[in-house]
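J.: File name work-v7.cif; file contents mmCIF, C-alpha atoms; full text below.
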```cif
data_query
loop_
_atom_site.label_atom_id
_atom_site.label_comp_id
_atom_site.auth_asym_id
_atom_site.auth_seq_id
_atom_site.Cartn_x
_atom_site.Cartn_y
_atom_site.Cartn_z
CA MET L 1 122.90 86.92 173.36
CA ALA L 2 125.06 89.77 172.05
CA ARG L 3 123.62 93.25 172.17
CA SER L 4 124.18 93.64 168.42
CA ASP L 5 121.80 90.74 167.82
CA ILE L 6 118.93 92.35 169.73
CA PRO L 7 117.94 94.95 167.07
CA LYS L 8 118.05 92.24 164.39
CA ASN L 9 115.78 89.98 166.43
CA ILE L 10 113.39 92.88 167.07
CA MET L 11 113.28 93.65 163.34
CA ARG L 12 112.59 90.01 162.50
CA LEU L 13 109.82 89.86 165.08
CA SER L 14 108.32 93.12 163.80
CA HIS L 15 108.39 91.84 160.21
CA PHE L 16 106.85 88.52 161.26
CA GLN L 17 104.03 90.26 163.12
CA SER L 18 103.39 92.58 160.18
CA VAL L 19 103.09 89.71 157.71
CA PHE L 20 100.94 87.71 160.15
CA ASP L 21 98.58 90.64 160.68
CA ASN L 22 98.36 91.44 156.95
CA GLN L 23 97.60 87.85 156.03
CA THR L 24 94.98 87.59 158.76
CA ALA L 25 93.39 90.92 157.78
CA SER L 26 93.29 89.96 154.08
CA LEU L 27 91.68 86.62 154.79
CA PHE L 28 89.25 88.23 157.24
CA LEU L 29 88.12 90.75 154.62
CA LEU L 30 87.68 88.16 151.89
CA ASP L 31 85.92 85.70 154.18
CA GLY L 32 83.79 88.46 155.69
CA LEU L 33 82.69 89.61 152.24
CA ALA L 34 81.83 86.03 151.34
CA ASN L 35 79.72 85.70 154.48
CA VAL L 36 77.84 88.93 153.71
CA ILE L 37 77.09 87.68 150.19
CA ASP L 38 75.94 84.34 151.63
CA PHE L 39 73.48 86.08 153.94
CA ALA L 40 72.31 88.26 151.04
CA PHE L 41 71.72 85.19 148.86
CA HIS L 42 69.57 83.39 151.43
CA PHE L 43 67.75 86.58 152.45
CA TRP L 44 66.92 87.35 148.82
CA MET L 45 65.75 83.80 148.18
CA GLY L 46 63.38 84.18 151.13
CA ARG L 47 61.87 87.19 149.38
CA VAL L 48 61.60 85.95 145.79
CA LEU L 49 60.63 82.31 146.38
CA ILE L 50 57.27 81.24 147.69
CA PRO L 51 57.51 79.86 151.28
CA PRO L 52 57.26 76.13 150.29
CA ASP L 53 60.07 76.52 147.73
CA PHE L 54 62.20 78.49 150.19
CA ALA L 55 61.75 75.71 152.75
CA ILE L 56 62.90 73.16 150.16
CA LEU L 57 65.99 75.23 149.32
CA GLN L 58 66.98 75.67 152.97
CA THR L 59 66.44 71.98 153.76
CA LEU L 60 68.54 70.97 150.77
CA ASN L 61 71.27 73.43 151.75
CA SER L 62 71.29 72.23 155.39
CA VAL L 63 71.58 68.58 154.37
CA ALA L 64 74.35 69.39 151.88
CA LEU L 65 76.28 71.24 154.60
CA VAL L 66 76.48 68.01 156.60
CA TYR L 67 78.40 66.34 153.77
CA VAL L 68 80.44 69.47 153.01
CA THR L 69 81.58 69.58 156.65
CA ALA L 70 82.48 65.89 156.60
CA SER L 71 84.45 66.10 153.33
CA GLY L 72 86.15 69.26 154.61
CA VAL L 73 88.30 67.14 156.95
CA PHE L 74 90.66 66.55 154.01
CA GLN L 75 91.67 70.21 154.02
CA PRO L 76 93.58 70.29 157.34
CA VAL L 77 95.22 66.97 156.47
CA VAL L 78 96.54 68.19 153.11
CA SER L 79 97.47 71.56 154.64
CA ARG L 80 99.45 69.84 157.39
CA PHE L 81 101.40 67.60 154.98
CA VAL L 82 102.20 70.55 152.70
CA ALA L 83 103.34 72.74 155.62
CA GLU L 84 105.46 69.92 157.07
CA ALA L 85 107.10 69.36 153.67
CA ARG L 86 107.99 73.06 153.53
CA GLY L 87 109.32 72.95 157.09
CA LYS L 88 111.59 70.02 156.25
CA GLY L 89 112.82 71.62 153.02
CA GLN L 90 111.02 68.99 150.92
CA ASN L 91 109.05 71.28 148.61
CA ASP L 92 109.43 68.79 145.78
CA ALA L 93 107.09 66.45 147.72
CA ILE L 94 104.16 68.88 147.56
CA PRO L 95 103.00 67.80 144.06
CA ALA L 96 102.84 64.18 145.24
CA ILE L 97 100.82 65.19 148.29
CA PHE L 98 98.33 67.04 146.12
CA GLN L 99 98.08 64.36 143.46
CA VAL L 100 97.58 61.39 145.77
CA PHE L 101 94.83 63.09 147.75
CA CYS L 102 93.26 64.57 144.64
CA ARG L 103 92.95 61.10 143.09
CA ALA L 104 91.49 59.69 146.30
CA ALA L 105 89.03 62.59 146.59
CA PHE L 106 88.05 62.28 142.93
CA TRP L 107 87.09 58.62 143.21
CA LEU L 108 85.51 59.02 146.64
CA GLY L 109 83.43 61.97 145.46
CA LEU L 110 82.45 60.17 142.27
CA VAL L 111 81.29 57.08 144.17
CA PHE L 112 79.22 59.12 146.62
CA ALA L 113 77.75 61.22 143.81
CA ILE L 114 76.67 58.12 141.88
CA LEU L 115 75.15 56.61 145.03
CA VAL L 116 73.22 59.81 145.75
CA PHE L 117 71.95 59.90 142.16
CA LEU L 118 70.90 56.22 142.17
CA LEU L 119 69.23 56.53 145.58
CA SER L 120 67.75 59.97 144.87
CA ASN L 121 64.15 58.76 144.98
CA LEU L 122 64.61 57.16 148.42
CA ILE L 123 66.52 60.16 149.79
CA ALA L 124 63.90 62.54 148.42
CA GLN L 125 61.13 60.62 150.17
CA LEU L 126 63.03 60.59 153.48
CA LEU L 127 63.68 64.34 153.32
CA ASN L 128 60.35 65.23 151.73
CA LEU L 129 62.10 66.97 148.83
CA PRO L 130 61.53 66.82 145.05
CA ASN L 131 63.49 64.03 143.43
CA TRP L 132 65.20 66.36 140.93
CA THR L 133 66.78 68.42 143.73
CA ILE L 134 68.58 65.33 145.06
CA GLN L 135 69.70 64.32 141.58
CA LEU L 136 71.23 67.74 140.98
CA SER L 137 72.83 67.64 144.43
CA ALA L 138 74.93 64.67 143.29
CA VAL L 139 77.04 67.22 141.38
CA LEU L 140 77.51 69.25 144.57
CA ILE L 141 78.65 66.11 146.39
CA PHE L 142 81.37 65.53 143.81
CA LEU L 143 82.57 69.15 143.70
CA SER L 144 82.59 69.61 147.48
CA THR L 145 84.86 66.56 147.82
CA LEU L 146 87.45 68.01 145.44
CA ARG L 147 87.71 71.57 146.75
CA PRO L 148 89.24 70.74 150.18
CA ILE L 149 92.27 69.22 148.45
CA ALA L 150 93.15 72.35 146.47
CA ALA L 151 92.20 74.59 149.42
CA GLY L 152 94.45 72.52 151.68
CA VAL L 153 97.43 73.08 149.38
CA LEU L 154 96.79 76.83 149.28
CA GLN L 155 96.51 76.94 153.06
CA GLY L 156 99.61 74.80 153.57
CA GLU L 157 101.60 77.08 151.26
CA GLU L 158 100.28 80.08 153.25
CA ASN L 159 98.73 81.56 150.09
CA PHE L 160 95.86 82.99 152.10
CA ILE L 161 94.66 85.55 149.58
CA ALA L 162 94.12 82.80 147.01
CA PHE L 163 92.56 80.70 149.76
CA GLY L 164 90.10 83.49 150.57
CA LEU L 165 89.32 84.03 146.88
CA THR L 166 88.10 80.44 146.52
CA ARG L 167 85.60 81.08 149.32
CA LEU L 168 84.54 84.37 147.75
CA ALA L 169 84.16 82.69 144.35
CA LEU L 170 81.62 80.27 145.84
CA SER L 171 79.43 83.10 147.15
CA LEU L 172 79.79 85.38 144.13
CA GLY L 173 79.25 82.61 141.60
CA ARG L 174 75.88 81.55 142.92
CA ILE L 175 74.44 84.99 143.67
CA LEU L 176 75.38 86.35 140.22
CA LEU L 177 73.88 83.39 138.37
CA VAL L 178 70.74 83.20 140.51
CA PHE L 179 70.01 86.85 139.68
CA PHE L 180 69.68 86.00 135.97
CA LEU L 181 67.94 82.65 136.53
CA ILE L 182 65.30 84.16 138.81
CA GLN L 183 64.64 86.85 136.20
CA THR L 184 63.90 84.13 133.64
CA GLY L 185 61.26 82.66 135.93
CA LEU L 186 63.08 79.46 136.94
CA GLY L 187 62.37 80.05 140.65
CA LEU L 188 63.47 77.12 142.84
CA ARG L 189 65.18 75.35 139.94
CA GLY L 190 67.24 78.46 139.30
CA ALA L 191 68.22 78.70 142.97
CA VAL L 192 69.37 75.05 143.10
CA ILE L 193 71.30 75.40 139.84
CA ALA L 194 72.97 78.53 141.26
CA LEU L 195 74.10 76.58 144.33
CA LEU L 196 75.84 74.06 142.08
CA PHE L 197 77.32 76.77 139.85
CA GLY L 198 78.85 78.47 142.89
CA TRP L 199 80.62 75.26 143.85
CA LEU L 200 81.83 74.76 140.26
CA ILE L 201 83.30 78.27 140.12
CA SER L 202 84.93 77.80 143.53
CA VAL L 203 86.56 74.49 142.54
CA LEU L 204 87.81 75.90 139.23
CA CYS L 205 89.15 78.97 141.03
CA ALA L 206 90.98 76.85 143.62
CA PHE L 207 92.63 74.63 140.99
CA LEU L 208 93.57 77.55 138.72
CA LEU L 209 95.23 79.38 141.64
CA LEU L 210 97.54 76.44 142.33
CA LYS L 211 101.12 76.71 141.09
CA ARG L 212 101.96 74.99 137.82
CA SER L 213 104.57 72.87 139.58
CA ILE L 214 101.79 71.14 141.52
CA TRP L 215 101.08 68.98 138.47
CA THR L 216 104.70 67.78 138.17
CA LYS L 217 105.10 64.05 138.68
CA SER L 218 106.95 63.04 141.85
CA ARG L 219 108.56 59.81 143.08
CA THR L 220 107.63 60.45 146.70
CA ASP L 221 106.10 57.46 148.51
CA THR L 222 102.38 58.18 148.21
CA GLN L 223 100.98 55.06 149.88
CA SER L 224 102.34 55.96 153.32
CA LEU L 225 101.04 59.52 152.84
CA LEU L 226 97.57 58.23 152.03
CA ASN L 227 97.50 55.82 154.95
CA GLU L 228 98.53 58.55 157.39
CA GLY L 229 96.05 60.90 155.72
CA TRP L 230 93.09 58.58 156.35
CA LYS L 231 94.08 58.31 160.00
CA LEU L 232 94.36 62.09 160.43
CA SER L 233 91.10 62.60 158.51
CA PHE L 234 89.35 60.31 160.97
CA TYR L 235 90.61 62.34 163.93
CA ALA L 236 89.69 65.59 162.16
CA LEU L 237 86.18 64.30 161.51
CA LEU L 238 85.74 63.39 165.18
CA ALA L 239 87.07 66.80 166.21
CA TYR L 240 84.73 68.64 163.82
CA ILE L 241 81.70 66.65 164.97
CA ALA L 242 82.52 67.27 168.64
CA TYR L 243 83.17 70.98 168.07
CA MET L 244 79.95 71.42 166.09
CA SER L 245 78.06 69.59 168.85
CA LEU L 246 79.65 71.86 171.45
CA THR L 247 78.32 74.94 169.65
CA SER L 248 74.79 73.61 169.06
CA LEU L 249 73.83 71.59 172.15
CA ASP L 250 72.72 74.66 174.08
CA LEU L 251 70.29 75.73 171.35
CA VAL L 252 68.90 72.19 171.10
CA TRP L 253 68.40 72.13 174.88
CA VAL L 254 66.70 75.54 174.85
CA ASN L 255 64.30 74.42 172.11
CA GLN L 256 63.42 71.36 174.19
CA ASN L 257 62.95 73.10 177.53
CA LEU L 258 61.82 76.71 176.96
CA ASN L 259 58.78 78.20 175.26
CA GLY L 260 58.83 79.44 171.69
CA GLU L 261 59.42 83.11 172.50
CA LEU L 262 62.40 82.42 174.74
CA ALA L 263 63.79 79.87 172.27
CA GLY L 264 63.57 82.50 169.51
CA ALA L 265 65.32 85.06 171.71
CA TYR L 266 68.11 82.58 172.47
CA ALA L 267 68.45 81.79 168.75
CA SER L 268 69.21 85.50 168.22
CA LEU L 269 72.04 85.21 170.78
CA VAL L 270 73.41 82.19 168.93
CA LEU L 271 73.41 84.10 165.65
CA LEU L 272 75.17 87.12 167.16
CA ARG L 273 77.82 84.99 168.87
CA ARG L 274 78.85 83.72 165.43
CA VAL L 275 79.96 87.26 164.65
CA VAL L 276 82.28 87.09 167.66
CA ALA L 277 83.93 84.01 166.12
CA LEU L 278 84.37 85.52 162.63
CA LEU L 279 87.83 87.11 162.95
CA PRO L 280 89.24 84.31 165.14
CA GLY L 281 88.32 81.89 162.37
CA SER L 282 90.60 83.76 159.96
CA ALA L 283 93.40 83.99 162.53
CA VAL L 284 93.28 80.25 163.21
CA THR L 285 93.28 79.49 159.46
CA VAL L 286 96.48 81.53 159.12
CA MET L 287 98.00 79.93 162.22
CA TYR L 288 97.39 76.28 161.29
CA PRO L 289 99.94 75.71 158.48
CA ARG L 290 102.54 77.80 160.32
CA ILE L 291 102.14 75.59 163.36
CA ALA L 292 102.66 72.48 161.24
CA LYS L 293 105.71 74.04 159.56
CA THR L 294 107.17 75.16 162.89
CA LEU L 295 106.75 71.70 164.40
CA ALA L 296 108.34 70.10 161.34
CA GLU L 297 111.34 72.38 161.81
CA GLY L 298 111.65 71.15 165.42
CA ARG L 299 110.83 74.52 166.97
CA LEU L 300 108.32 75.39 169.68
CA PRO L 301 105.22 77.29 168.41
CA ASP L 302 104.77 79.43 171.53
CA ARG L 303 104.89 82.75 169.68
CA LEU L 304 102.31 81.67 167.08
CA LEU L 305 99.92 80.43 169.74
CA VAL L 306 100.26 83.60 171.80
CA GLN L 307 99.74 85.84 168.76
CA THR L 308 96.63 83.97 167.63
CA ALA L 309 95.18 83.99 171.12
CA GLY L 310 95.96 87.71 171.35
CA ILE L 311 94.06 88.43 168.12
CA ILE L 312 91.06 86.48 169.40
CA LEU L 313 91.07 88.22 172.77
CA ALA L 314 91.49 91.70 171.25
CA ALA L 315 88.87 91.37 168.48
CA SER L 316 86.30 89.25 170.30
CA GLY L 317 86.82 91.12 173.57
CA THR L 318 86.16 94.47 171.87
CA LEU L 319 82.98 93.16 170.25
CA SER L 320 81.78 91.62 173.53
CA PHE L 321 82.39 94.96 175.25
CA LEU L 322 80.18 96.63 172.63
CA TYR L 323 77.57 93.92 173.22
CA PHE L 324 77.47 94.87 176.90
CA ILE L 325 77.00 98.56 176.11
CA PHE L 326 74.70 98.45 173.09
CA GLY L 327 72.97 95.08 173.60
CA ASP L 328 69.46 96.53 173.80
CA GLN L 329 69.87 98.63 170.68
CA LEU L 330 71.52 95.86 168.62
CA VAL L 331 68.87 93.28 169.40
CA ALA L 332 66.03 95.77 168.76
CA ILE L 333 67.48 96.96 165.43
CA ILE L 334 68.44 93.52 164.07
CA PHE L 335 65.63 91.32 165.38
CA GLY L 336 62.92 93.61 166.76
CA LYS L 337 61.30 94.19 170.13
CA GLY L 338 60.04 90.61 170.33
CA TYR L 339 63.60 89.47 171.07
CA GLN L 340 64.40 91.90 173.89
CA ALA L 341 64.65 89.04 176.42
CA ALA L 342 68.04 88.28 174.85
CA SER L 343 69.51 91.77 175.40
CA PRO L 344 70.81 91.36 179.00
CA LEU L 345 72.65 88.19 178.02
CA LEU L 346 74.31 89.38 174.81
CA GLY L 347 77.57 90.55 176.42
CA TRP L 348 77.85 87.40 178.51
CA MET L 349 77.28 85.30 175.40
CA GLY L 350 80.20 87.14 173.81
CA ILE L 351 82.43 86.27 176.77
CA ALA L 352 81.28 82.65 176.55
CA MET L 353 82.10 82.55 172.84
CA ILE L 354 85.63 83.86 173.47
CA GLY L 355 86.34 80.72 175.52
CA VAL L 356 85.03 78.48 172.74
CA SER L 357 87.00 80.42 170.11
CA LEU L 358 90.21 80.05 172.12
CA SER L 359 89.58 76.31 172.31
CA SER L 360 89.63 76.24 168.49
CA VAL L 361 93.28 77.36 168.68
CA TRP L 362 94.10 74.19 170.61
CA MET L 363 91.98 72.04 168.32
CA ASN L 364 93.94 73.23 165.29
CA TYR L 365 97.26 72.97 167.11
CA TYR L 366 96.66 69.32 167.96
CA LEU L 367 95.39 68.56 164.45
CA ALA L 368 98.81 69.79 163.31
CA GLN L 369 100.57 67.65 165.93
CA LYS L 370 99.02 64.58 167.62
CA PRO L 371 95.23 64.97 167.74
CA ARG L 372 94.14 61.95 169.79
CA ASN L 373 94.37 63.45 173.29
CA PHE L 374 92.57 66.66 172.40
CA VAL L 375 89.87 64.78 170.48
CA ILE L 376 89.23 62.82 173.68
CA LEU L 377 89.14 66.13 175.58
CA LEU L 378 86.61 67.49 173.07
CA GLY L 379 84.39 64.45 173.62
CA ILE L 380 84.55 64.98 177.38
CA ALA L 381 83.60 68.65 176.87
CA VAL L 382 80.48 67.71 174.90
CA VAL L 383 79.38 65.34 177.68
CA LEU L 384 80.16 68.02 180.29
CA GLU L 385 78.08 70.65 178.48
CA TRP L 386 75.07 68.32 178.25
CA PHE L 387 75.49 67.44 181.94
CA LEU L 388 75.60 71.12 182.97
CA LEU L 389 72.59 71.98 180.81
CA ASN L 390 70.53 69.32 182.55
CA LEU L 391 71.96 70.19 185.98
CA PHE L 392 70.99 73.87 185.89
CA PRO L 393 67.35 75.05 186.05
CA PRO L 394 65.79 75.65 182.59
CA SER L 395 66.50 79.24 181.54
CA MET L 396 68.46 81.21 178.95
CA GLN L 397 70.94 82.20 181.67
CA SER L 398 71.62 78.52 182.39
CA ALA L 399 72.24 77.80 178.71
CA VAL L 400 74.76 80.67 178.40
CA LEU L 401 76.47 79.58 181.64
CA ALA L 402 76.77 75.93 180.54
CA PHE L 403 78.05 76.93 177.09
CA GLY L 404 80.59 79.41 178.45
CA THR L 405 81.80 77.22 181.31
CA THR L 406 82.42 74.33 178.94
CA GLY L 407 84.27 76.51 176.42
CA TRP L 408 86.60 78.09 178.95
CA LEU L 409 87.29 74.75 180.68
CA LEU L 410 88.12 73.23 177.29
CA THR L 411 90.54 76.10 176.61
CA LEU L 412 92.21 75.62 180.00
CA GLY L 413 92.35 71.86 179.37
CA GLY L 414 94.07 72.40 176.02
CA LEU L 415 96.54 74.80 177.65
CA SER L 416 97.32 72.33 180.44
CA LEU L 417 97.80 69.53 177.93
CA TYR L 418 100.21 71.73 176.00
CA LEU L 419 102.24 72.98 178.97
CA PHE L 420 102.57 69.74 180.89
CA LYS L 421 102.74 67.20 178.08
CA SER L 422 103.04 68.39 174.49
CA ARG L 423 105.39 71.32 175.03
CA ARG L 424 107.54 69.47 177.56
CA ARG L 425 108.06 66.59 175.14
CA ARG L 426 108.92 69.02 172.33
CA ALA L 427 111.38 70.88 174.53
CA GLU L 428 113.01 67.61 175.50
CA GLY L 429 113.11 66.50 171.84
CA VAL L 430 110.86 63.48 172.47
#
```
Would you mind writing the file out in structure tokens?
T.:
Amino acid sequence: MARSDIPKNIMRLSHFQSVFDNQTASLFLLDGLANVIDFAFHFWMGRVLIPPDFAILQTLNSVALVYVTASGVFQPVVSRFVAEARGKGQNDAIPAIFQVFCRAAFWLGLVFAILVFLLSNLIAQLLNLPNWTIQLSAVLIFLSTLRPIAAGVLQGEENFIAFGLTRLALSLGRILLVFFLIQTGLGLRGAVIALLFGWLISVLCAFLLLKRSIWTKSRTDTQSLLNEGWKLSFYALLAYIAYMSLTSLDLVWVNQNLNGELAGAYASLVLLRRVVALLPGSAVTVMYPRIAKTLAEGRLPDRLLVQTAGIILAASGTLSFLYFIFGDQLVAIIFGKGYQAASPLLGWMGIAMIGVSLSSVWMNYYLAQKPRNFVILLGIAVVLEWFLLNLFPPSMQSAVLAFGTTGWLLTLGGLSLYLFKSRRRRAEGV
């Protein structure tokens, strides 16, 4: 390399890092604000609704989240196809990608919504919920199937501010409407209607933020796109289920094996470790389409992976350090003295969560490349965590150790898979 090229390369790297950091920071702020509003919504509902109605709302919301998570697998698929099209210089194929998946999502969501409405009485009896709440939820089913398509396009085009705004619109839409509906005395009905309104606003926001060219008709072969999309969606669904299991098995085990006070203390640790994962979630969202684009261009994504891992280590490591120092005070202020048994473990839970957060980098990398091997690795990790939980003596320390050990081993497994298989093949052009 000529010496004259070095300053240019440094400038390009500096500009790349600046854009990467700005995009990540913007998405983090928007997503963080949305999370705060979400907590405020549910906290307020707990205050204004009578306990039986609040229980109904939370049960309905929890059940809906299962479907929302499942339908969300379309987002990384659409994002990957859009990013790959950009990497190959085939921007004119993006409208076809959007339209074919939008049509599929429309009919899929409509079918599921009709089934939920027709079977609302049976579902209501199974869940012990009022029939009308299930009937209204049919609308949510339809809307939550559509949003991942538009969100996937925004993510694939690296329009992260618009992407974050769709998330913020969901939170703002429902809390603003519920304020007026509660004032009119609608109570639980107002809260459920607000949930649906939030999803409607979010979907409209996502579609309005798309470029006008997205609606242009294209002659791109859509059938092959759809077939590949179903295959990738299946792998994404398996990966999401395994990852969600990985982050919940320890709490399930604690609830089964420890008394109520210790289980409550551990639940506080689980809630606080989610804060550790907040910024990494934004960094990984920014990384994903750039990985897909980089791979489509035939380049190695080493720099992107290192930068994302660096953000996770810096942000999560700083927070974990604060957990070690101020663990007693944080637990006492947020949860009260009844949860003090969790204080000595808070910093270690942060360290454990860093390993799991780093593993999400590999999960998203392989979803952008060839997901099968890492999905298998995720399945092995879930089995390993359950094995360790039952191997160690019942205690909160054992749960943290099993969770952290599994997360860090999964991260090391993803790194080994990358270095000795995926990266080597890419370098060799295989």
J.: Taking only C-alpha atoms into account, which of L:Met396, L:Val382, L:Met244, L:Leu391 comes nearest Gly264 of chain L?
T.: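 Among the listed residues, the smallest separation from Gly264 of chain L belongs to L:Met396.
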J.: Counting all atoms listed in the file, note down every residue that has an atom within 12 Å of the point (84.9, 66.3, 158.5) (file coordinates), as a ChimeraX atom specification.
T.: /L:65-77,144-145,148,230,232-244
J.: Closest to Thr247 of chain L among L:Leu200, L:Ala332, L:Leu378, L:Ile193, using all atoms listed in the file?
T.: L:Leu378
J.: So how many Å separate atom CA of Gln397 of chain L and atom CA of Met363 of chain L, to one decimal?
T.: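 Going from atom CA of Gln397 of chain L over to atom CA of Met363 of chain L, I get 26.9 Å.
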J.: Work out how far atom CA of Trp132 of chain L is from atom CA of Val111 of chain L, in Å to one decimal.
T.: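 A separation of 18.9 Å between them.
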J.: What is the distance between atom CA of Leu27 of chain L and atom CA of Val275 of chain L, in Å to one decimal?
T.: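 Going from atom CA of Leu27 of chain L over to atom CA of Val275 of chain L, I get 15.3 Å.
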J.: For the PyMOL selection byres ((chain L and resi 204) around 12), applied here, can you spell out every residue it catches as number ranges by chain?
T.: L: 143-144, 146-147, 150-151, 165-167, 169-170, 173, 197-203, 205-210
J.: Evaluate the PyMOL selection byres ((chain L and resi 401) around 10) on the structure here and hand back the selected residues as an MDAnalysis selection string.
T.: chainID L and resid 250 348:349 352 385 388:389 392 395:400 402:407
J.: Save the residues we just selected, C-alpha atoms, as a PDB file, in the coordinates of the input?
T.:
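Once written, selection-v3.pdb looks like this:
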```
ATOM      1  CA  ASP L 250      72.720  74.660 174.080  1.00  0.00           C
ATOM      2  CA  TRP L 348      77.850  87.400 178.510  1.00  0.00           C
ATOM      3  CA  MET L 349      77.280  85.300 175.400  1.00  0.00           C
ATOM      4  CA  ALA L 352      81.280  82.650 176.550  1.00  0.00           C
ATOM      5  CA  GLU L 385      78.080  70.650 178.480  1.00  0.00           C
ATOM      6  CA  LEU L 388      75.600  71.120 182.970  1.00  0.00           C
ATOM      7  CA  LEU L 389      72.590  71.980 180.810  1.00  0.00           C
ATOM      8  CA  PHE L 392      70.990  73.870 185.890  1.00  0.00           C
ATOM      9  CA  SER L 395      66.500  79.240 181.540  1.00  0.00           C
ATOM     10  CA  MET L 396      68.460  81.210 178.950  1.00  0.00           C
ATOM     11  CA  GLN L 397      70.940  82.200 181.670  1.00  0.00           C
ATOM     12  CA  SER L 398      71.620  78.520 182.390  1.00  0.00           C
ATOM     13  CA  ALA L 399      72.240  77.800 178.710  1.00  0.00           C
ATOM     14  CA  VAL L 400      74.760  80.670 178.400  1.00  0.00           C
ATOM     15  CA  ALA L 402      76.770  75.930 180.540  1.00  0.00           C
ATOM     16  CA  PHE L 403      78.050  76.930 177.090  1.00  0.00           C
ATOM     17  CA  GLY L 404      80.590  79.410 178.450  1.00  0.00           C
ATOM     18  CA  THR L 405      81.800  77.220 181.310  1.00  0.00           C
ATOM     19  CA  THR L 406      82.420  74.330 178.940  1.00  0.00           C
ATOM     20  CA  GLY L 407      84.270  76.510 176.420  1.00  0.00           C
TER      21      GLY L 407
END
```
J.: Return as a PyMOL selection string the set of residues that the PyMOL selection byres ((chain L and resi 118) around 12) yields on the displayed structure.
T.: chain L and resi 111-117+119-124+131-132+134-138
J.: Using all atoms listed in the file, can you tell me which of L:Ala25, L:Ile161, L:Ala368, L:Ala342 comes closest to Gly281 of chain L?
T.: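 Looking only at the distances to Gly281 of chain L, the closest residue turns out to be L:Ala25.
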J.: Asn61 of chain L: which residues within 12 Å, counting all atoms listed in the file, same-chain residues fewer than 2 positions away excluded, as a PDB file with C-alpha atoms, in the coordinates of the input?
T.:
```
ATOM      1  CA  ASP L  38      75.940  84.340 151.630  1.00  0.00           C
ATOM      2  CA  HIS L  42      69.570  83.390 151.430  1.00  0.00           C
ATOM      3  CA  PHE L  54      62.200  78.490 150.190  1.00  0.00           C
ATOM      4  CA  ALA L  55      61.750  75.710 152.750  1.00  0.00           C
ATOM      5  CA  ILE L  56      62.900  73.160 150.160  1.00  0.00           C
ATOM      6  CA  LEU L  57      65.990  75.230 149.320  1.00  0.00           C
ATOM      7  CA  GLN L  58      66.980  75.670 152.970  1.00  0.00           C
ATOM      8  CA  THR L  59      66.440  71.980 153.760  1.00  0.00           C
ATOM      9  CA  VAL L  63      71.580  68.580 154.370  1.00  0.00           C
ATOM     10  CA  ALA L  64      74.350  69.390 151.880  1.00  0.00           C
ATOM     11  CA  LEU L  65      76.280  71.240 154.600  1.00  0.00           C
ATOM     12  CA  VAL L  66      76.480  68.010 156.600  1.00  0.00           C
ATOM     13  CA  TYR L  67      78.400  66.340 153.770  1.00  0.00           C
ATOM     14  CA  VAL L  68      80.440  69.470 153.010  1.00  0.00           C
ATOM     15  CA  LEU L 127      63.680  64.340 153.320  1.00  0.00           C
ATOM     16  CA  LEU L 129      62.100  66.970 148.830  1.00  0.00           C
ATOM     17  CA  THR L 133      66.780  68.420 143.730  1.00  0.00           C
ATOM     18  CA  ILE L 134      68.580  65.330 145.060  1.00  0.00           C
ATOM     19  CA  SER L 137      72.830  67.640 144.430  1.00  0.00           C
ATOM     20  CA  LEU L 140      77.510  69.250 144.570  1.00  0.00           C
ATOM     21  CA  ILE L 141      78.650  66.110 146.390  1.00  0.00           C
ATOM     22  CA  ALA L 191      68.220  78.700 142.970  1.00  0.00           C
ATOM     23  CA  VAL L 192      69.370  75.050 143.100  1.00  0.00           C
ATOM     24  CA  ALA L 194      72.970  78.530 141.260  1.00  0.00           C
ATOM     25  CA  LEU L 195      74.100  76.580 144.330  1.00  0.00           C
ATOM     26  CA  LEU L 196      75.840  74.060 142.080  1.00  0.00           C
TER      27      LEU L 196
END
```
J.: Using all atoms listed in the file, pick whichever of L:Gly350, L:Gly338, L:Gly164, L:Gly414 has the shortest atom-to-atom distance to Leu271 of chain L.
T.: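 Using all atoms listed in the file, the shortest distance to Leu271 of chain L belongs to L:Gly350.
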J.: For Tyr365 of chain L, work out the shell of residues within 10 Å, counting all atoms listed in the file and skipping chain neighbours fewer than 2 positions away, then give it as a list in words.
T.: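 Everything that qualifies: Val284, Met287, Tyr288, Pro289, Arg290, Ile291, Ala292, Leu295, Pro301, Leu305, Ser359, Ser360, Val361, Trp362, Met363, Leu367, Ala368, Gln369, Lys370, Pro371, Phe374, Gly414 and Tyr418 of chain L.
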J.: Using all atoms listed in the file, determine which residues lie at most 10 Å from Arg103 of chain L, disregarding the query and same-chain residues fewer than 5 positions distant; provide the list as number ranges by chain.
T.: L: 98, 108-109, 146, 149
J.: Starting from 8 Å padding per side, set up an axis-aligned box that covers all listed atoms of segment 73-87 of chain L and hand over centre and edge lengths in Å, one decimal, as lines of an AutoDock Vina configuration file.
T.:
```
center_x = 98.8
center_y = 69.8
center_z = 155.0
size_x = 37.0
size_y = 22.5
size_z = 20.7
```
